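A.B. asks: This is entry.cif, which holds mmCIF, C-alpha atoms:
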```
data_data
#
loop_
_atom_site.label_atom_id
_atom_site.label_comp_id
_atom_site.auth_asym_id
_atom_site.auth_seq_id
_atom_site.Cartn_x
_atom_site.Cartn_y
_atom_site.Cartn_z
CA MET A 1 96.35 107.49 90.76
CA LYS A 2 94.60 105.10 93.12
CA PHE A 3 96.52 102.04 94.25
CA THR A 4 96.62 99.63 97.17
CA ILE A 5 99.55 97.89 98.82
CA ARG A 6 98.72 94.52 100.33
CA GLU A 7 100.34 91.26 101.41
CA GLY A 8 101.05 88.88 98.54
CA LYS A 9 98.90 85.72 98.23
CA PRO A 10 99.55 82.39 96.47
CA GLU A 11 97.40 83.47 93.51
CA ASP A 12 99.70 86.49 92.98
CA CYS A 13 102.68 84.28 92.16
CA LYS A 14 102.09 84.27 88.41
CA ASP A 15 102.13 88.11 88.35
CA ILE A 16 105.13 88.19 90.68
CA GLU A 17 106.93 85.75 88.35
CA ARG A 18 106.15 88.09 85.42
CA MET A 19 107.47 91.12 87.27
CA ILE A 20 110.58 89.27 88.55
CA MET A 21 111.44 88.62 84.90
CA GLU A 22 110.78 92.29 83.97
CA LEU A 23 113.15 93.37 86.75
CA ALA A 24 115.78 90.80 85.67
CA VAL A 25 115.58 92.16 82.08
CA TYR A 26 116.09 95.70 83.45
CA GLU A 27 119.10 94.42 85.47
CA LYS A 28 120.44 92.87 82.21
CA MET A 29 120.46 89.32 83.62
CA PRO A 30 117.26 87.59 82.37
CA ASP A 31 119.01 84.27 81.72
CA GLN A 32 119.78 84.00 85.42
CA VAL A 33 116.09 83.51 86.30
CA LYS A 34 115.65 79.80 86.95
CA ILE A 35 112.51 79.54 89.09
CA SER A 36 108.83 79.93 88.27
CA HIS A 37 105.58 80.69 90.11
CA LYS A 38 105.54 77.06 91.30
CA GLU A 39 108.68 77.51 93.42
CA LEU A 40 107.47 80.95 94.54
CA GLU A 41 104.21 79.39 95.77
CA ARG A 42 106.01 76.55 97.53
CA ASP A 43 108.68 78.74 99.13
CA GLY A 44 106.52 81.70 100.18
CA PHE A 45 103.21 80.25 101.25
CA ARG A 46 103.73 76.97 103.09
CA SER A 47 104.43 76.39 106.78
CA ASN A 48 107.97 77.76 106.74
CA PRO A 49 108.05 80.71 104.31
CA TYR A 50 111.47 81.76 103.05
CA TYR A 51 110.33 85.23 102.03
CA GLN A 52 107.50 87.75 102.45
CA CYS A 53 106.02 89.80 99.67
CA LEU A 54 103.80 92.82 99.05
CA VAL A 55 101.85 93.55 95.88
CA ALA A 56 100.78 96.97 94.50
CA GLU A 57 97.44 96.80 92.75
CA VAL A 58 95.46 99.36 90.69
CA PRO A 59 91.69 99.30 89.98
CA GLU A 60 90.43 97.69 86.71
CA GLU A 61 89.92 101.12 85.09
CA GLN A 62 93.63 101.78 85.45
CA LYS A 63 94.94 98.40 84.28
CA SER A 64 98.12 98.33 82.17
CA LYS A 65 98.10 98.28 78.37
CA ASP A 66 98.56 94.49 78.58
CA GLY A 67 95.65 94.17 81.02
CA TYR A 68 97.49 93.80 84.35
CA THR A 69 96.22 95.26 87.63
CA LYS A 70 99.16 94.02 89.72
CA VAL A 71 101.77 96.62 88.86
CA GLY A 72 104.50 96.39 91.48
CA TYR A 73 105.91 94.19 94.21
CA ALA A 74 108.43 94.03 97.04
CA LEU A 75 110.05 90.79 98.20
CA PHE A 76 111.84 90.74 101.55
CA PHE A 77 112.98 88.52 104.44
CA TYR A 78 114.65 88.77 107.82
CA THR A 79 118.37 88.49 108.33
CA TYR A 80 120.60 88.89 111.37
CA SER A 81 123.52 91.14 112.12
CA THR A 82 125.78 89.85 114.87
CA TRP A 83 126.48 93.49 115.69
CA LYS A 84 123.00 95.01 115.67
CA GLY A 85 120.45 92.20 115.70
CA ARG A 86 117.36 91.84 113.52
CA VAL A 87 117.50 93.26 110.03
CA VAL A 88 114.90 93.34 107.25
CA TYR A 89 116.46 92.70 103.85
CA MET A 90 114.58 94.01 100.84
CA GLU A 91 115.57 91.65 98.03
CA ASP A 92 113.40 93.07 95.20
CA LEU A 93 111.47 96.32 94.72
CA TYR A 94 109.82 96.87 91.35
CA VAL A 95 107.12 99.01 89.74
CA MET A 96 106.16 98.62 86.07
CA PRO A 97 107.52 101.55 83.98
CA GLU A 98 104.08 102.96 83.09
CA TYR A 99 103.21 103.26 86.83
CA ARG A 100 106.35 104.98 88.04
CA GLY A 101 106.49 108.47 89.50
CA LYS A 102 103.18 108.05 91.36
CA GLY A 103 104.46 107.11 94.80
CA ILE A 104 103.96 103.34 94.42
CA GLY A 105 107.62 102.43 94.95
CA LYS A 106 107.79 104.73 97.96
CA ALA A 107 104.63 103.16 99.42
CA LEU A 108 105.92 99.60 98.89
CA MET A 109 109.21 100.41 100.58
CA ALA A 110 107.57 102.25 103.46
CA THR A 111 105.37 99.19 104.06
CA VAL A 112 108.44 96.94 104.15
CA ALA A 113 109.96 99.36 106.68
CA LYS A 114 106.72 99.28 108.71
CA VAL A 115 106.59 95.47 108.77
CA GLY A 116 110.27 95.41 109.75
CA LYS A 117 109.64 97.92 112.52
CA GLU A 118 106.83 95.73 113.90
CA LYS A 119 109.31 92.84 114.08
CA GLN A 120 111.78 95.12 115.91
CA CYS A 121 114.27 95.27 113.07
CA VAL A 122 116.98 97.86 113.56
CA ARG A 123 117.90 98.28 109.94
CA LEU A 124 116.85 97.67 106.33
CA GLN A 125 119.44 96.38 103.86
CA LEU A 126 119.34 96.01 100.10
CA SER A 127 121.69 95.71 97.14
CA VAL A 128 121.82 97.86 94.02
CA LEU A 129 123.85 97.51 90.83
CA ASP A 130 126.53 100.17 90.54
CA TRP A 131 125.25 101.45 87.15
CA ASN A 132 121.59 101.68 88.25
CA LYS A 133 121.44 105.46 88.76
CA PRO A 134 117.63 105.87 89.07
CA SER A 135 117.57 103.29 91.89
CA LEU A 136 120.72 104.63 93.56
CA ASP A 137 119.14 108.12 93.60
CA PHE A 138 115.81 106.75 94.92
CA TYR A 139 117.49 105.00 97.87
CA MET A 140 120.01 107.74 98.68
CA ALA A 141 117.09 110.20 98.91
CA LYS A 142 115.70 107.99 101.70
CA GLY A 143 118.94 108.04 103.69
CA ALA A 144 120.56 104.87 102.33
CA GLU A 145 124.32 104.51 102.78
CA ASP A 146 126.53 102.58 100.41
CA LEU A 147 128.35 100.07 102.63
CA THR A 148 130.40 98.76 99.71
CA ALA A 149 131.87 102.24 99.18
CA LYS A 150 132.01 103.19 102.87
CA GLU A 151 133.26 99.96 104.47
CA GLY A 152 134.47 97.89 101.52
CA TRP A 153 131.97 95.04 101.72
CA HIS A 154 131.78 92.72 98.70
CA HIS A 155 129.11 90.08 97.97
CA ILE A 156 130.63 86.61 97.65
CA ARG A 157 128.93 83.52 96.30
CA PHE A 158 129.57 79.78 96.28
CA HIS A 159 127.39 78.42 93.49
CA GLY A 160 126.76 75.22 91.53
CA GLU A 161 129.90 73.15 91.13
CA ALA A 162 131.90 75.15 93.67
CA LEU A 163 129.23 74.50 96.31
CA ASP A 164 128.99 70.79 95.42
CA ASN A 165 132.77 70.37 95.59
CA LEU A 166 132.88 72.00 98.98
CA ALA A 167 130.02 69.80 100.25
CA GLN A 168 131.54 66.59 98.96
CA GLU A 169 134.55 67.09 101.15
CA ALA A 170 132.30 67.26 104.26
CA PRO A 171 133.09 64.65 106.94
CA ALA B 1 143.94 69.70 117.40
CA LYS B 2 140.98 67.53 118.31
CA PHE B 3 137.69 69.34 117.90
CA ILE B 4 134.00 68.73 117.27
CA LEU B 5 131.46 70.81 115.39
CA ARG B 6 127.94 70.91 116.86
CA LYS B 7 124.75 72.94 116.82
CA ALA B 8 124.86 75.83 119.28
CA GLU B 9 122.66 75.61 122.38
CA PRO B 10 121.19 78.38 124.60
CA LYS B 11 124.04 77.89 127.09
CA ASP B 12 126.56 78.86 124.39
CA VAL B 13 125.36 82.46 123.91
CA SER B 14 127.99 83.96 126.19
CA ASP B 15 130.80 82.29 124.17
CA ILE B 16 129.11 83.23 120.89
CA LEU B 17 129.01 86.90 121.92
CA ARG B 18 132.66 86.75 122.99
CA LEU B 19 133.65 85.39 119.55
CA ILE B 20 131.40 87.94 117.74
CA LYS B 21 133.30 90.70 119.51
CA GLU B 22 136.67 89.15 118.66
CA LEU B 23 135.72 88.98 114.99
CA ALA B 24 134.43 92.57 115.06
CA LYS B 25 137.78 93.62 116.56
CA TYR B 26 139.60 91.86 113.69
CA GLU B 27 137.31 93.74 111.25
CA GLU B 28 138.27 96.93 113.12
CA MET B 29 134.65 97.62 114.12
CA GLU B 30 134.47 96.36 117.71
CA ASN B 31 132.48 99.32 119.03
CA GLN B 32 129.68 98.58 116.57
CA VAL B 33 128.57 95.44 118.45
CA ILE B 34 125.49 96.42 120.45
CA LEU B 35 123.96 92.94 120.60
CA THR B 36 123.63 91.36 124.07
CA GLU B 37 123.46 87.75 125.31
CA GLU B 38 119.75 88.29 125.91
CA ASP B 39 119.23 89.31 122.26
CA LEU B 40 121.14 86.26 121.05
CA LEU B 41 119.05 84.02 123.28
CA GLU B 42 115.70 85.44 122.19
CA ASP B 43 116.64 85.75 118.53
CA GLY B 44 118.25 82.34 118.14
CA PHE B 45 116.35 80.10 120.51
CA GLY B 46 112.91 81.69 120.80
CA ASP B 47 109.69 81.17 118.83
CA HIS B 48 111.02 82.67 115.62
CA PRO B 49 114.74 81.96 115.21
CA PHE B 50 116.45 84.65 113.14
CA TYR B 51 119.66 82.66 112.85
CA HIS B 52 121.29 79.21 113.14
CA CYS B 53 124.67 78.67 114.68
CA ILE B 54 127.32 75.94 114.83
CA VAL B 55 130.22 76.02 117.27
CA ALA B 56 133.65 74.37 117.32
CA ASP B 57 134.43 72.80 120.66
CA VAL B 58 137.83 71.52 121.87
CA PRO B 59 138.32 69.13 124.82
CA GLU B 60 139.20 70.66 128.22
CA GLU B 61 142.89 69.70 127.92
CA HIS B 62 143.19 71.84 124.76
CA GLN B 63 141.35 74.86 126.11
CA SER B 64 142.57 78.31 125.06
CA ALA B 65 145.02 80.46 127.01
CA ASP B 66 142.11 82.10 128.84
CA ALA B 67 140.32 78.78 129.49
CA HIS B 68 137.77 78.70 126.68
CA VAL B 69 136.47 75.46 125.21
CA ILE B 70 134.41 76.98 122.37
CA ILE B 71 137.00 78.31 119.95
CA GLY B 72 135.11 78.93 116.70
CA PHE B 73 131.63 79.51 115.33
CA ALA B 74 129.56 80.13 112.23
CA MET B 75 126.23 81.90 112.16
CA TYR B 76 123.91 81.53 109.18
CA TYR B 77 120.30 81.85 108.04
CA PHE B 78 118.26 81.20 104.93
CA THR B 79 117.52 83.93 102.42
CA TYR B 80 115.70 83.98 99.07
CA ASP B 81 116.77 84.89 95.58
CA PRO B 82 113.74 85.39 93.30
CA TRP B 83 115.84 84.03 90.39
CA ILE B 84 117.10 80.79 91.93
CA GLY B 85 115.23 80.27 95.20
CA LYS B 86 116.60 79.41 98.66
CA LEU B 87 120.10 80.45 99.64
CA LEU B 88 122.20 79.81 102.70
CA TYR B 89 123.61 83.10 103.92
CA LEU B 90 126.72 82.98 106.06
CA GLU B 91 126.68 85.92 108.46
CA ASP B 92 129.73 85.28 110.63
CA PHE B 93 132.49 82.72 110.45
CA TYR B 94 135.41 82.82 112.90
CA VAL B 95 138.09 80.65 114.52
CA MET B 96 140.23 82.00 117.38
CA LYS B 97 143.76 82.91 116.30
CA GLU B 98 145.55 80.26 118.35
CA TYR B 99 143.43 77.52 116.65
CA ARG B 100 143.97 78.53 113.05
CA GLY B 101 145.88 76.40 110.58
CA PHE B 102 144.42 73.12 111.86
CA GLY B 103 141.65 72.83 109.29
CA ILE B 104 138.86 73.93 111.65
CA GLY B 105 137.73 76.75 109.32
CA SER B 106 137.71 74.37 106.36
CA GLU B 107 135.62 71.83 108.26
CA ILE B 108 133.10 74.50 109.28
CA LEU B 109 132.78 75.69 105.69
CA LYS B 110 132.37 72.15 104.41
CA LYS B 111 129.68 71.41 107.00
CA LEU B 112 127.82 74.59 105.99
CA SER B 113 127.98 73.78 102.29
CA HIS B 114 126.72 70.30 103.09
CA THR B 115 123.78 71.85 104.97
CA ALA B 116 123.14 74.13 101.97
CA VAL B 117 123.01 71.24 99.52
CA ARG B 118 120.91 69.09 101.87
CA THR B 119 118.33 71.89 102.35
CA ARG B 120 118.05 72.50 98.58
CA CYS B 121 119.88 75.82 98.56
CA SER B 122 121.30 76.84 95.18
CA SER B 123 124.09 78.91 96.64
CA MET B 124 125.86 80.03 99.75
CA HIS B 125 126.31 83.81 99.97
CA PHE B 126 128.15 86.13 102.33
CA ILE B 127 130.04 89.42 102.40
CA VAL B 128 133.72 90.03 102.91
CA ALA B 129 135.54 93.34 103.41
CA GLU B 130 137.71 94.06 100.38
CA TRP B 131 140.84 94.70 102.50
CA ASN B 132 140.52 91.26 104.15
CA LYS B 133 142.96 89.52 101.81
CA PRO B 134 143.47 86.30 103.87
CA SER B 135 139.72 85.63 103.88
CA ILE B 136 139.27 86.51 100.21
CA GLU B 137 142.08 84.11 99.26
CA PHE B 138 140.60 81.37 101.49
CA TYR B 139 137.25 81.64 99.64
CA LYS B 140 138.66 82.12 96.13
CA ARG B 141 140.81 78.97 96.54
CA ARG B 142 137.56 77.09 97.08
CA GLY B 143 135.83 78.44 93.95
CA ALA B 144 133.89 81.44 95.29
CA SER B 145 132.98 84.40 93.01
CA ASP B 146 133.04 88.07 93.97
CA LEU B 147 129.66 89.36 92.74
CA SER B 148 130.51 92.96 93.59
CA LEU B 149 133.44 92.82 91.16
CA GLU B 150 131.83 90.53 88.57
CA GLU B 151 128.32 92.01 88.41
CA GLY B 152 128.57 95.37 90.20
CA TRP B 153 126.37 94.73 93.26
CA ARG B 154 126.72 97.25 96.08
CA LEU B 155 125.34 96.72 99.59
CA PHE B 156 123.25 99.48 101.15
CA LYS B 157 121.79 100.04 104.57
CA ILE B 158 119.02 102.30 105.83
CA ASP B 159 119.20 102.92 109.57
CA LYS B 160 116.40 103.02 112.11
CA HIS B 161 116.19 106.82 112.09
CA ASN B 162 115.55 106.94 108.34
CA LEU B 163 113.21 103.92 108.49
CA MET B 164 111.08 105.78 111.05
CA LYS B 165 110.95 108.79 108.72
CA MET B 166 109.71 106.56 105.90
CA THR B 167 106.96 104.95 107.97
CA ASP B 168 105.90 108.30 109.46
CA GLU B 169 105.43 109.79 106.01
CA GLU B 170 102.97 107.07 104.93
#
```
Show me this structure written as structure tokens.

C.D. replies:
Amino acid sequence: MKFTIREGKPEDCKDIERMIMELAVYEKMPDQVKISHKELERDGFRSNPYYQCLVAEVPEEQKSKDGYTKVGYALFFYTYSTWKGRVVYMEDLYVMPEYRGKGIGKALMATVAKVGKEKQCVRLQLSVLDWNKPSLDFYMAKGAEDLTAKEGWHHIRFHGEALDNLAQEAP
Amino acid sequence: AKFILRKAEPKDVSDILRLIKELAKYEEMENQVILTEEDLLEDGFGDHPFYHCIVADVPEEHQSADAHVIIGFAMYYFTYDPWIGKLLYLEDFYVMKEYRGFGIGSEILKKLSHTAVRTRCSSMHFIVAEWNKPSIEFYKRRGASDLSLEEGWRLFKIDKHNLMKMTDEE
């Protein structure tokens, strides 16, 4: 199957919003999606972008049953490890079910790795849900190591009211 | 103890690296720190800052046993959640042992959460090692949730060697 991987553009945000929701449904947390293409446009394509994204596109002849040619995406940004330095963090990687098994996911991820390499990143990090076996297998096959299992790291969050309460006590 | 919290400056990188190593030692992973002062300088104060840093400073008279004036720090950056938007990610947060119990850690955390709210971040995220009970209690007391326990998220890394393999195959 022919496909291209390219940098995301503002006009892709509606498709990215669609696919973000598809991924959230797969991850069983669709009600947690609170932003739309408007925030994606504002946060990814103005003077100080908070993320980078890649889009996987197929030619018209191979469009999806619902008529989409944008069939996958990767969303990533740069983080910093005080031990190792620059890290590229892949926040989302998604390919529509009817386009899986054709190397699109692999190509998206390799492009993220390439971009990270150009920025002298020493590592790629990502998070996976513990029940998500297809994804766990996909990443392990590429040499990923589970730091939660190996070193005991847990993701912690201060959200909503907890964050506000903390901030209100600020001097 | 009297102290002030301020934005880190290029001249602070030597102290920041010292504290990074102390924290790594506490996390029992001291030999994993390969970052240098030069890296910190270029990555924090160059054209494209990869991090932001605040330091806790005490007056000369209260300097530490080995004559340090910078006795705590927090390093953070902004990340993005496609479901809720901008997040403040706390990478490192540390106060030297002899200065704990004076509310310095609390003040740093409050200042960070204030920054998060002011910059329109929906959340502040970070990771903690599961054996680090004092830190987990500190955060839980203030309303934090453990997403690894609650939702099942696991953190993965792919090292340079395997990244090169991926890019070579394309």

A.B. asks: Excluding stretch 57-59 of chain B and residues on its chain fewer than 5 positions from it, collect all residues at most 6 Å away from it, counting only C-alpha atoms, and give them as a list in words.

C.D. replies: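 Non-adjacent residues within range: Phe3, Ile4, Val69 and Ile70 of chain B.
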
A.B. asks: Per residue of stretch 63-161 of chain B within 12 Å of stretch 20-25 of chain A, what are the shortest atom pair and its distance in Å to one decimal, counting all atoms listed in the file, with rows by chain and residue number, as CSV?

C.D. replies:
```
residue,atom,partner,partner_atom,distance
B:Asp81,CA,A:Ile20,CA,10.3
B:Pro82,CA,A:Ile20,CA,6.9
B:Trp83,CA,A:Ile20,CA,7.6
B:Ile84,CA,A:Ile20,CA,11.2
```

A.B. asks: Which residue out of B:Glu107, B:Asp39, B:Asp159, B:Glu137 has the minimum interatomic distance to A:Leu124 when only C-alpha atoms are used?

C.D. replies: B:Asp159

A.B. asks: What residues in chain B lie within 6 Å of chain A, counting all atoms listed in the file, written as a ChimeraX atom specification?

C.D. replies: /B:33-35,83-84,110-111,113-114,123-130,143-148,152-160,162-163,166-167

A.B. asks: Spell out the residues picked by the PyMOL selection byres ((chain A and resi 56) around 10) here, as a list in words.

C.D. replies: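 For this structure, the PyMOL selection byres ((chain A and resi 56) around 10) resolves to Phe3, Thr4, Ile5, Arg6, Glu7, Gly8, Leu54, Val55, Glu57, Val58, Thr69, Lys70, Val71, Gly72, Tyr73, Ala74, Tyr94, Val95, Ile104, Gly105, Ala107 and Leu108 of chain A.
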
A.B. asks: Using atom CA of B:Cys53 and atom CA of B:Lys140 as the two end points, give the distance in Å to one decimal.

C.D. replies: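 Going from atom CA of B:Cys53 over to atom CA of B:Lys140 covers 23.5 Å.
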
A.B. asks: Could you list, as a CSV table (one decimal) with C-alpha atoms, in the frame of the given file, every residue matched by the PyMOL selection byres ((chain B and resi 78) around 7) in this structure?

C.D. replies:
```csv
chain,number,residue,atom,x,y,z
B,77,TYR,CA,120.3,81.8,108.0
B,79,THR,CA,117.5,83.9,102.4
B,80,TYR,CA,115.7,84.0,99.1
B,86,LYS,CA,116.6,79.4,98.7
B,87,LEU,CA,120.1,80.4,99.6
B,88,LEU,CA,122.2,79.8,102.7
B,89,TYR,CA,123.6,83.1,103.9
```

A.B. asks: Could you state the separation of atom CA of B:Asp15 and atom CA of B:Glu37 in Å, given to one decimal place?

C.D. replies: 9.2 Å

A.B. asks: Restricting the calculation to all atoms listed in the file: of B:Phe102, B:Tyr51, B:Phe93, B:Tyr139, which residue gets closest to B:Leu23?

C.D. replies: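 Ranked by minimum distance to B:Leu23, first place goes to B:Phe93.
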
A.B. asks: I want to know what sits within 12 Å of B:Asp12, based on all atoms listed in the file, with residues of the same chain fewer than 6 positions away left out; could you give that as a list in words?

C.D. replies: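 So, after excluding close chain neighbours, the residues are Arg6, Arg18, Leu19, Glu37, Glu38, Leu40, Leu41, Gly44, Phe45, Cys53, Ile54, Val55, Ala56, Asp57, His68, Val69, Ile70, Ile71, Gly72 and Phe73 of chain B.
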
A.B. asks: Could you state the separation of atom CA of B:Leu90 and atom CA of B:Met75 in Å, given to one decimal place?

C.D. replies: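 Those two atoms sit 6.2 Å apart.
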
A.B. asks: Using all atoms listed in the file, can you tell me which of A:Glu60, A:Glu41, A:Phe138, A:Met90 comes closest to B:Gly85?

C.D. replies: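 Of A:Glu60, A:Glu41, A:Phe138, A:Met90, the one nearest B:Gly85, counting all atoms listed in the file, is A:Glu41.
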
A.B. asks: From the list A:Glu118, A:Gly67, A:Met1, A:Glu11, which residue is nearest A:Gly101 when using all atoms listed in the file?

C.D. replies: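 Smallest distance to A:Gly101 is found for A:Met1.
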
A.B. asks: Around all of stretch 9-24 of chain B's listed atoms, make the axis-aligned box with 4 Å on each side and tell me centre and edge lengths in Å to one decimal, as AutoDock Vina command-line options.

C.D. replies:
```
--center_x 128.9 --center_y 84.1 --center_z 121.0 --size_x 23.5 --size_y 25.0 --size_z 20.1
```

A.B. asks: Taking the block just given, write stretch 1-30 of chain A to a file that holds N, CA and C atoms, as an mmCIF file, in the first residue's frame.

C.D. replies:
```
data_model
loop_
_atom_site.group_PDB
_atom_site.id
_atom_site.type_symbol
_atom_site.label_atom_id
_atom_site.label_comp_id
_atom_site.auth_asym_id
_atom_site.auth_seq_id
_atom_site.Cartn_x
_atom_site.Cartn_y
_atom_site.Cartn_z
ATOM 1 N N MET A 1 0.849 -1.202 0.000
ATOM 2 C CA MET A 1 0.000 0.000 0.000
ATOM 3 C C MET A 1 0.879 1.245 0.000
ATOM 4 N N LYS A 2 0.515 2.201 -0.820
ATOM 5 C CA LYS A 2 1.303 3.440 -0.869
ATOM 6 C C LYS A 2 0.830 4.378 0.242
ATOM 7 N N PHE A 3 1.796 4.996 0.915
ATOM 8 C CA PHE A 3 1.442 6.009 1.905
ATOM 9 C C PHE A 3 2.595 6.985 2.055
ATOM 10 N N THR A 4 2.304 8.185 2.544
ATOM 11 C CA THR A 4 3.382 9.137 2.825
ATOM 12 C C THR A 4 3.285 9.572 4.284
ATOM 13 N N ILE A 5 4.452 9.882 4.847
ATOM 14 C CA ILE A 5 4.524 10.414 6.206
ATOM 15 C C ILE A 5 5.026 11.834 6.044
ATOM 16 N N ARG A 6 4.297 12.792 6.569
ATOM 17 C CA ARG A 6 4.746 14.180 6.458
ATOM 18 C C ARG A 6 4.405 14.945 7.738
ATOM 19 N N GLU A 7 5.018 16.127 7.850
ATOM 20 C CA GLU A 7 4.759 16.997 9.003
ATOM 21 C C GLU A 7 3.296 17.425 8.995
ATOM 22 N N GLY A 8 2.683 17.492 10.160
ATOM 23 C CA GLY A 8 1.301 17.944 10.254
ATOM 24 C C GLY A 8 1.205 19.431 9.941
ATOM 25 N N LYS A 9 0.039 19.864 9.408
ATOM 26 C CA LYS A 9 -0.188 21.281 9.107
ATOM 27 C C LYS A 9 -1.471 21.711 9.813
ATOM 28 N N PRO A 10 -1.702 23.036 9.944
ATOM 29 C CA PRO A 10 -2.923 23.480 10.632
ATOM 30 C C PRO A 10 -4.196 22.840 10.058
ATOM 31 N N GLU A 11 -4.259 22.683 8.741
ATOM 32 C CA GLU A 11 -5.469 22.117 8.137
ATOM 33 C C GLU A 11 -5.682 20.634 8.451
ATOM 34 N N ASP A 12 -4.662 19.974 9.040
ATOM 35 C CA ASP A 12 -4.811 18.569 9.423
ATOM 36 C C ASP A 12 -5.523 18.411 10.759
ATOM 37 N N CYS A 13 -5.660 19.521 11.505
ATOM 38 C CA CYS A 13 -6.137 19.408 12.885
ATOM 39 C C CYS A 13 -7.505 18.756 13.039
ATOM 40 N N LYS A 14 -8.380 18.942 12.047
ATOM 41 C CA LYS A 14 -9.707 18.309 12.169
ATOM 42 C C LYS A 14 -9.550 16.782 12.107
ATOM 43 N N ASP A 15 -8.677 16.298 11.176
ATOM 44 C CA ASP A 15 -8.457 14.849 11.080
ATOM 45 C C ASP A 15 -7.742 14.330 12.316
ATOM 46 N N ILE A 16 -6.792 15.133 12.822
ATOM 47 C CA ILE A 16 -6.064 14.702 14.020
ATOM 48 C C ILE A 16 -7.034 14.613 15.191
ATOM 49 N N GLU A 17 -7.946 15.583 15.298
ATOM 50 C CA GLU A 17 -8.962 15.569 16.357
ATOM 51 C C GLU A 17 -9.801 14.287 16.247
ATOM 52 N N ARG A 18 -10.191 13.927 15.035
ATOM 53 C CA ARG A 18 -10.970 12.702 14.803
ATOM 54 C C ARG A 18 -10.207 11.487 15.285
ATOM 55 N N MET A 19 -8.906 11.419 14.904
ATOM 56 C CA MET A 19 -8.121 10.240 15.256
ATOM 57 C C MET A 19 -7.757 10.201 16.741
ATOM 58 N N ILE A 20 -7.594 11.375 17.376
ATOM 59 C CA ILE A 20 -7.362 11.431 18.825
ATOM 60 C C ILE A 20 -8.539 10.779 19.536
ATOM 61 N N MET A 21 -9.746 11.080 19.076
ATOM 62 C CA MET A 21 -10.955 10.523 19.680
ATOM 63 C C MET A 21 -11.007 9.014 19.438
ATOM 64 N N GLU A 22 -10.637 8.563 18.223
ATOM 65 C CA GLU A 22 -10.629 7.121 17.936
ATOM 66 C C GLU A 22 -9.664 6.410 18.885
ATOM 67 N N LEU A 23 -8.499 7.005 19.112
ATOM 68 C CA LEU A 23 -7.508 6.409 20.008
ATOM 69 C C LEU A 23 -8.025 6.406 21.447
ATOM 70 N N ALA A 24 -8.677 7.496 21.863
ATOM 71 C CA ALA A 24 -9.228 7.585 23.222
ATOM 72 C C ALA A 24 -10.313 6.519 23.445
ATOM 73 N N VAL A 25 -11.114 6.248 22.385
ATOM 74 C CA VAL A 25 -12.149 5.203 22.482
ATOM 75 C C VAL A 25 -11.464 3.853 22.677
ATOM 76 N N TYR A 26 -10.406 3.602 21.881
ATOM 77 C CA TYR A 26 -9.636 2.359 21.992
ATOM 78 C C TYR A 26 -9.062 2.214 23.406
ATOM 79 N N GLU A 27 -8.590 3.344 23.987
ATOM 80 C CA GLU A 27 -7.991 3.323 25.326
ATOM 81 C C GLU A 27 -9.053 3.344 26.423
ATOM 82 N N LYS A 28 -10.341 3.275 26.005
ATOM 83 C CA LYS A 28 -11.494 3.207 26.918
ATOM 84 C C LYS A 28 -11.638 4.460 27.780
ATOM 85 N N MET A 29 -11.247 5.619 27.271
ATOM 86 C CA MET A 29 -11.361 6.863 28.042
ATOM 87 C C MET A 29 -11.849 8.036 27.175
ATOM 88 N N PRO A 30 -12.896 7.829 26.342
ATOM 89 C CA PRO A 30 -13.318 8.902 25.434
ATOM 90 C C PRO A 30 -13.843 10.140 26.137
#
```
